[in-house]
Amino acid sequence: MKFYVYITLLITLSLNAQNKIDCSKCLVELIDDSKLQNEGLYSLKLLKNEIYARKGYVFSNPEYANFFKKYSWYKPVKDNKSIVYSDIEIKNIAILSQLINGISEFLVNENNSKYIIISEEKTNEIFTNEKKKELGIKFDIWKVYNYKDKTGEYYLVLTENKIKEAANGNFLNNSIKAFNFKKENNRLVKTFETNDAKTENEESIWFWTRYIYVEDFDNDGIIEPILIYGTSGNNGYDDGRIKILLYYKGKKIGIRIQNGVLDGERNFTVDAAFYAVSKKIQEKIIEQMNLIEGNNHSILPYGWQKKMAKKMTFIQE
């Protein structure tokens, strides 16, 4: 089953968003599979209901009624039974219904908002020394997330280059590297990777697994991993760095935080693409930033939430 919608349509996931709807040609043109791309469940529902709306359908669902009444072309009829759909419209409705049902069925059956952290035994079974050499994994594997979505099955592998064991029993790391592999015909194909290393003035760098998420936040059937790691400096978290990475629709989107003991030392940058992703994903990342700050793992610049609400890309004290 292919899960697609018009590539020219830019429809967000919320019924209350300012969607750019264009199904004006659905009366006479059949949806072409060759011009379709992955899209979310709500976007597909909006497109399907736009076909109804352009015929003047009166919606009993207040969300759809309020959404379509904003458009000048929406002219509600007195009786829905009087509406006659063209053969092309009926076929387009059937195509979109099939896509909607496919995603809905997947979400019910696969429960794709969950992931599995595989055991050390299973990790060693999958990632043998020979396999690690083949995949370019040179550091010790810290944790492996196994997850599935409508595009396939994946392993998110977190690795750390350990320096020594500290007095408290925790390892100090010189550098880290994460890989994401997709299972394809009994092979593991890398879809993305990221790496970083501590600076001369930093004590260690490590993945902050308590803040990492591997879930489908916008209900489009595709999991968007949120990877978070950080460093400790001479003053612990107070002058360390934090990096938040989101992998969204094939793109790596980052927020880079520099903590500091002094006000002028604290700042962070936000990739502009962050403000174009699903609102639900933005809210989850901001929620994690609030949690990181609340746990004293970061000192963020004063008023940073309001500045992010203004879509600022560089935020300082």
# chains A, B, ... in the order shown; residues from 1 in each chain; ligands from 1
>>> residues_around(residues="Ala178 (chain A)", least_positions_apart="4", cutoff="6 Å", atoms="only C-alpha atoms", output="PDB file with C-alpha atoms, in the first residue's frame")
ATOM      1  CA  VAL A 157      22.288   2.727  17.381  1.00  0.00           C
ATOM      2  CA  LEU A 158      23.981   4.994  19.945  1.00  0.00           C
ATOM      3  CA  THR A 159      27.732   4.513  20.380  1.00  0.00           C
ATOM      4  CA  GLU A 193      24.348   9.356  11.237  1.00  0.00           C
ATOM      5  CA  THR A 194      25.636  12.054  13.560  1.00  0.00           C
TER       6      THR A 194
END
>>> closest_residue(among="A:Cys26, A:Leu156, A:Ile137, A:Ala65", to="Ile88 (chain A)", atoms="only C-alpha atoms")
A:Cys26
>>> residues_around(residues="region 206-210 of chain A", least_positions_apart="3", cutoff="12 Å", atoms="only C-alpha atoms", output="number ranges by chain")
A: 117, 141-145, 157-163, 170-178, 194-198, 202-203, 213-214, 225-232, 240-245, 288, 291-292, 295, 297
>>> select_by_dssp(residues="region 100-237 of chain A", states="helix (DSSP H, G or I)", output="list in words")
Ile100, Asn101, Gly102, Ile103, Ser104, Glu105, Phe106, Leu107, Val108, Asn109, Glu110, Glu120, Glu121, Lys122, Thr123, Asn124, Glu125, Ile126, Asn129, Glu130, Lys131, Lys132, Lys133, Glu134, Leu135 and Tyr237 of chain A
>>> write_last_selection(atoms="N, CA, C and O atoms", output="compact mmCIF listing (two decimals), in the first residue's frame")
# COMPACT_ATOMS: atom_id res chain seq x y z
N ILE A 100 -6.48 6.66 3.48
CA ILE A 100 -6.85 6.94 4.87
C ILE A 100 -7.03 5.64 5.65
O ILE A 100 -6.52 5.50 6.77
N ASN A 101 -7.74 4.70 5.06
CA ASN A 101 -7.97 3.42 5.74
C ASN A 101 -6.67 2.67 5.95
O ASN A 101 -6.48 2.00 6.97
N GLY A 102 -5.76 2.78 4.97
CA GLY A 102 -4.48 2.09 5.09
C GLY A 102 -3.67 2.60 6.25
O GLY A 102 -3.12 1.82 7.04
N ILE A 103 -3.57 3.93 6.39
CA ILE A 103 -2.82 4.51 7.50
C ILE A 103 -3.51 4.21 8.82
O ILE A 103 -2.87 3.85 9.80
N SER A 104 -4.84 4.35 8.86
CA SER A 104 -5.58 4.09 10.10
C SER A 104 -5.39 2.65 10.56
O SER A 104 -5.17 2.39 11.75
N GLU A 105 -5.44 1.72 9.62
CA GLU A 105 -5.25 0.31 9.96
C GLU A 105 -3.85 0.06 10.48
O GLU A 105 -3.64 -0.68 11.43
N PHE A 106 -2.87 0.72 9.84
CA PHE A 106 -1.49 0.55 10.29
C PHE A 106 -1.31 1.04 11.71
O PHE A 106 -0.71 0.38 12.55
N LEU A 107 -1.87 2.23 12.00
CA LEU A 107 -1.72 2.80 13.33
C LEU A 107 -2.35 1.92 14.40
O LEU A 107 -1.83 1.78 15.50
N VAL A 108 -3.47 1.28 14.06
CA VAL A 108 -4.14 0.40 15.02
C VAL A 108 -3.35 -0.89 15.22
O VAL A 108 -3.10 -1.34 16.34
N ASN A 109 -2.92 -1.49 14.11
CA ASN A 109 -2.27 -2.80 14.18
C ASN A 109 -0.83 -2.75 14.67
O ASN A 109 -0.37 -3.62 15.40
N GLU A 110 -0.10 -1.70 14.25
CA GLU A 110 1.32 -1.63 14.57
C GLU A 110 1.63 -0.86 15.84
O GLU A 110 2.69 -1.01 16.42
N GLU A 120 21.19 -6.29 25.71
CA GLU A 120 22.61 -6.41 25.35
C GLU A 120 22.87 -7.70 24.59
O GLU A 120 23.64 -7.74 23.63
N GLU A 121 22.19 -8.77 25.02
CA GLU A 121 22.34 -10.05 24.35
C GLU A 121 21.87 -9.98 22.89
O GLU A 121 22.55 -10.45 21.97
N LYS A 122 20.71 -9.36 22.69
CA LYS A 122 20.17 -9.22 21.33
C LYS A 122 21.04 -8.28 20.50
O LYS A 122 21.26 -8.51 19.30
N THR A 123 21.56 -7.25 21.14
CA THR A 123 22.45 -6.31 20.45
C THR A 123 23.69 -7.04 19.92
O THR A 123 24.08 -6.86 18.77
N ASN A 124 24.29 -7.86 20.78
CA ASN A 124 25.49 -8.60 20.36
C ASN A 124 25.18 -9.62 19.27
O ASN A 124 26.04 -9.93 18.44
N GLU A 125 23.95 -10.13 19.29
CA GLU A 125 23.54 -11.10 18.27
C GLU A 125 23.39 -10.44 16.91
O GLU A 125 23.78 -11.01 15.89
N ILE A 126 22.82 -9.24 16.91
CA ILE A 126 22.61 -8.52 15.65
C ILE A 126 23.88 -7.83 15.17
O ILE A 126 24.28 -7.94 14.02
N ASN A 129 30.91 -8.46 15.84
CA ASN A 129 32.12 -7.72 15.51
C ASN A 129 32.28 -7.56 14.00
O ASN A 129 32.67 -6.51 13.51
N GLU A 130 31.94 -8.61 13.30
CA GLU A 130 32.03 -8.57 11.84
C GLU A 130 31.02 -7.58 11.25
O GLU A 130 31.35 -6.80 10.34
N LYS A 131 29.80 -7.60 11.80
CA LYS A 131 28.76 -6.69 11.31
C LYS A 131 29.12 -5.24 11.64
O LYS A 131 28.92 -4.33 10.82
N LYS A 132 29.66 -5.01 12.84
CA LYS A 132 30.04 -3.64 13.21
C LYS A 132 31.14 -3.11 12.30
O LYS A 132 31.12 -1.94 11.90
N LYS A 133 32.08 -3.97 11.95
CA LYS A 133 33.15 -3.55 11.04
C LYS A 133 32.58 -3.21 9.68
O LYS A 133 32.97 -2.21 9.06
N GLU A 134 31.63 -4.01 9.22
CA GLU A 134 30.98 -3.77 7.93
C GLU A 134 30.21 -2.45 7.92
O GLU A 134 30.22 -1.72 6.92
N LEU A 135 29.58 -2.12 9.06
CA LEU A 135 28.74 -0.92 9.15
C LEU A 135 29.52 0.33 9.57
O LEU A 135 28.97 1.42 9.60
N TYR A 237 27.16 20.81 34.25
CA TYR A 237 26.18 21.18 33.23
C TYR A 237 26.18 22.68 32.94
O TYR A 237 25.81 23.11 31.85
>>> residues_around(residues="Glu29 (chain A)", least_positions_apart="4", cutoff="12 Å", atoms="only C-alpha atoms", output="list in words")
Cys23, Ser24, Lys25, Ile51, Ser86, Asp87, Ile88, Glu89, Ile90, Lys91 and Asn92 of chain A
>>> closest_residue(among="A:Tyr211, A:Tyr275, A:Tyr42, A:Phe181", to="Gly152 (chain A)", atoms="only C-alpha atoms")
A:Phe181
>>> closest_residue(among="A:Asn235, A:Asn80, A:Gln282, A:Asn186", to="Gln305 (chain A)", atoms="only C-alpha atoms")
A:Gln282
>>> residues_around(residues="region 314-317 of chain A", least_positions_apart="3", cutoff="12 Å", atoms="only C-alpha atoms", output="PyMOL selection string")
chain A and resi 255-272+299-311
>>> select_by_dssp(residues="region 169-226 of chain A", states="strand (DSSP E)", output="count of residues only")
35
>>> residues_around(residues="Phe59 (chain A)", least_positions_apart="2", cutoff="12 Å", atoms="only C-alpha atoms", output="compact mmCIF listing (two decimals) with N, CA and C atoms, in the first residue's frame")
# COMPACT_ATOMS: atom_id res chain seq x y z
N ASN A 49 -12.34 15.58 2.25
CA ASN A 49 -13.52 16.38 2.60
C ASN A 49 -13.61 17.67 1.79
N GLU A 50 -12.49 18.10 1.21
CA GLU A 50 -12.55 19.26 0.33
C GLU A 50 -13.37 18.95 -0.92
N TYR A 52 -15.96 17.06 -1.01
CA TYR A 52 -17.34 17.25 -0.57
C TYR A 52 -17.67 18.74 -0.45
N ALA A 53 -16.74 19.49 0.16
CA ALA A 53 -16.99 20.90 0.43
C ALA A 53 -17.19 21.69 -0.86
N ARG A 54 -16.44 21.34 -1.90
CA ARG A 54 -16.56 22.07 -3.17
C ARG A 54 -17.90 21.79 -3.87
N LYS A 55 -18.61 20.77 -3.41
CA LYS A 55 -19.95 20.50 -3.92
C LYS A 55 -21.03 21.13 -3.04
N GLY A 56 -20.60 21.79 -1.96
CA GLY A 56 -21.56 22.45 -1.06
C GLY A 56 -22.05 21.57 0.07
N TYR A 57 -21.36 20.47 0.32
CA TYR A 57 -21.77 19.53 1.38
C TYR A 57 -21.85 20.25 2.73
N ASN A 61 -19.88 17.53 11.27
CA ASN A 61 -18.70 17.68 12.11
C ASN A 61 -18.34 19.16 12.19
N PRO A 62 -18.42 19.80 13.36
CA PRO A 62 -18.18 21.25 13.47
C PRO A 62 -16.76 21.65 13.07
N GLU A 63 -15.78 20.74 13.24
CA GLU A 63 -14.41 21.08 12.88
C GLU A 63 -14.29 21.30 11.37
N TYR A 64 -14.90 20.40 10.59
CA TYR A 64 -14.86 20.57 9.13
C TYR A 64 -15.72 21.77 8.71
N ALA A 65 -16.86 21.92 9.35
CA ALA A 65 -17.76 23.04 9.01
C ALA A 65 -17.05 24.37 9.22
N ASN A 66 -16.39 24.53 10.35
CA ASN A 66 -15.69 25.77 10.65
C ASN A 66 -14.47 25.96 9.76
N PHE A 67 -13.85 24.85 9.40
CA PHE A 67 -12.65 24.94 8.56
C PHE A 67 -12.99 25.44 7.16
N PHE A 68 -13.98 24.83 6.51
CA PHE A 68 -14.26 25.15 5.11
C PHE A 68 -15.04 26.45 4.92
N LYS A 69 -15.73 26.91 5.95
CA LYS A 69 -16.50 28.14 5.79
C LYS A 69 -15.61 29.37 5.62
N TYR A 74 -16.76 27.96 -0.81
CA TYR A 74 -17.63 27.02 -0.10
C TYR A 74 -19.04 27.61 0.00
N LYS A 75 -19.97 27.00 -0.72
CA LYS A 75 -21.37 27.44 -0.75
C LYS A 75 -22.27 26.29 -0.30
N PRO A 76 -22.60 26.22 0.98
CA PRO A 76 -23.41 25.10 1.48
C PRO A 76 -24.77 25.01 0.79
N VAL A 77 -25.17 23.79 0.51
CA VAL A 77 -26.47 23.55 -0.11
C VAL A 77 -27.52 23.33 0.98
N LYS A 78 -28.77 23.28 0.59
CA LYS A 78 -29.84 23.06 1.56
C LYS A 78 -30.01 21.60 1.91
N ASP A 79 -29.66 20.72 0.94
CA ASP A 79 -29.88 19.29 1.16
C ASP A 79 -28.71 18.50 0.55
N ASN A 80 -27.96 17.81 1.39
CA ASN A 80 -26.82 17.03 0.90
C ASN A 80 -27.24 15.98 -0.14
>>> atom_distance(atom1="CA of Ala273 (chain A)", atom2="CA of Gly250 (chain A)")
12.2 Å
